[in-house]
Amino acid sequence: GQSAFFNCKLKEVTLPANLVNIGQSAFNTCEHIYVLSTTPCQISAYPFGLSGTMLTIHVPQESLELYQSAWQGRLHRYGTDQIIVAMEEN
């Protein structure tokens, strides 16, 4: 939900495959988010907050283009980069 983990100092989080929605500023302090679902869930505006830290979103290799298309325009942090990359396979 909205502001679910706002300012709780999480640096890294793994989001489960059954996640349906990420609310505004839900993970505002994260630097690395690992998404297990191959299908992008719904996200609100500023789902990862507006902090000044770099954010890397790691998604399944086969879903990289889907996530880039679905999420890229909604990722905003002041003066920093938010990028979506493919997870490395184990």
# chains A, B, ... in the order shown; residues from 1 in each chain; ligands from 1

call {"tool": "residues_around", "arguments": {"residues": "Asn18 (chain A)", "least_positions_apart": "3", "cutoff": "10 Å", "atoms": "only C-alpha atoms", "output": "ChimeraX atom specification"}}
result
/A:15,21,36-37,39,41

call {"tool": "select_by_dssp", "arguments": {"residues": "chain A", "states": "strand (DSSP E)", "output": "PyMOL selection string"}}
result
chain A and resi 12-15+21-22+32-35+42-43+55-59+82-86

call {"tool": "closest_residue", "arguments": {"among": "A:Ala70, A:Val13, A:Leu55, A:Leu64", "to": "Gln42 (chain A)", "atoms": "only C-alpha atoms"}}
result
A:Ala70

call {"tool": "select_by_dssp", "arguments": {"residues": "chain A", "states": "helix (DSSP H, G or I)", "output": "PyMOL selection string"}}
result
chain A and resi 61-74

call {"tool": "atom_distance", "arguments": {"atom1": "CA of Pro47 (chain A)", "atom2": "CA of Gln68 (chain A)"}}
result
14.7 Å

call {"tool": "residues_around", "arguments": {"residues": "Ile43 (chain A)", "least_positions_apart": "5", "cutoff": "8 Å", "atoms": "only C-alpha atoms", "output": "number ranges by chain"}}
result
A: 21-24, 71, 74

call {"tool": "closest_residue", "arguments": {"among": "A:Met87, A:Leu66, A:Ala26, A:Leu19", "to": "Ser44 (chain A)", "atoms": "only C-alpha atoms"}}
result
A:Ala26

call {"tool": "closest_residue", "arguments": {"among": "A:Gln82, A:Val20, A:Ser25, A:Glu89", "to": "Ile57 (chain A)", "atoms": "only C-alpha atoms"}}
result
A:Gln82

call {"tool": "closest_residue", "arguments": {"among": "A:Leu75, A:Leu10, A:Val35, A:Ile84", "to": "Thr56 (chain A)", "atoms": "only C-alpha atoms"}}
result
A:Ile84

call {"tool": "atom_distance", "arguments": {"atom1": "CA of Pro40 (chain A)", "atom2": "CA of Lys9 (chain A)"}}
result
24.4 Å

call {"tool": "closest_residue", "arguments": {"among": "A:Phe27, A:Ala17, A:Ser69, A:Pro60", "to": "Phe48 (chain A)", "atoms": "only C-alpha atoms"}}
result
A:Phe27

call {"tool": "closest_residue", "arguments": {"among": "A:Gln72, A:Lys11, A:Glu88, A:Glu65", "to": "Ile33 (chain A)", "atoms": "only C-alpha atoms"}}
result
A:Lys11
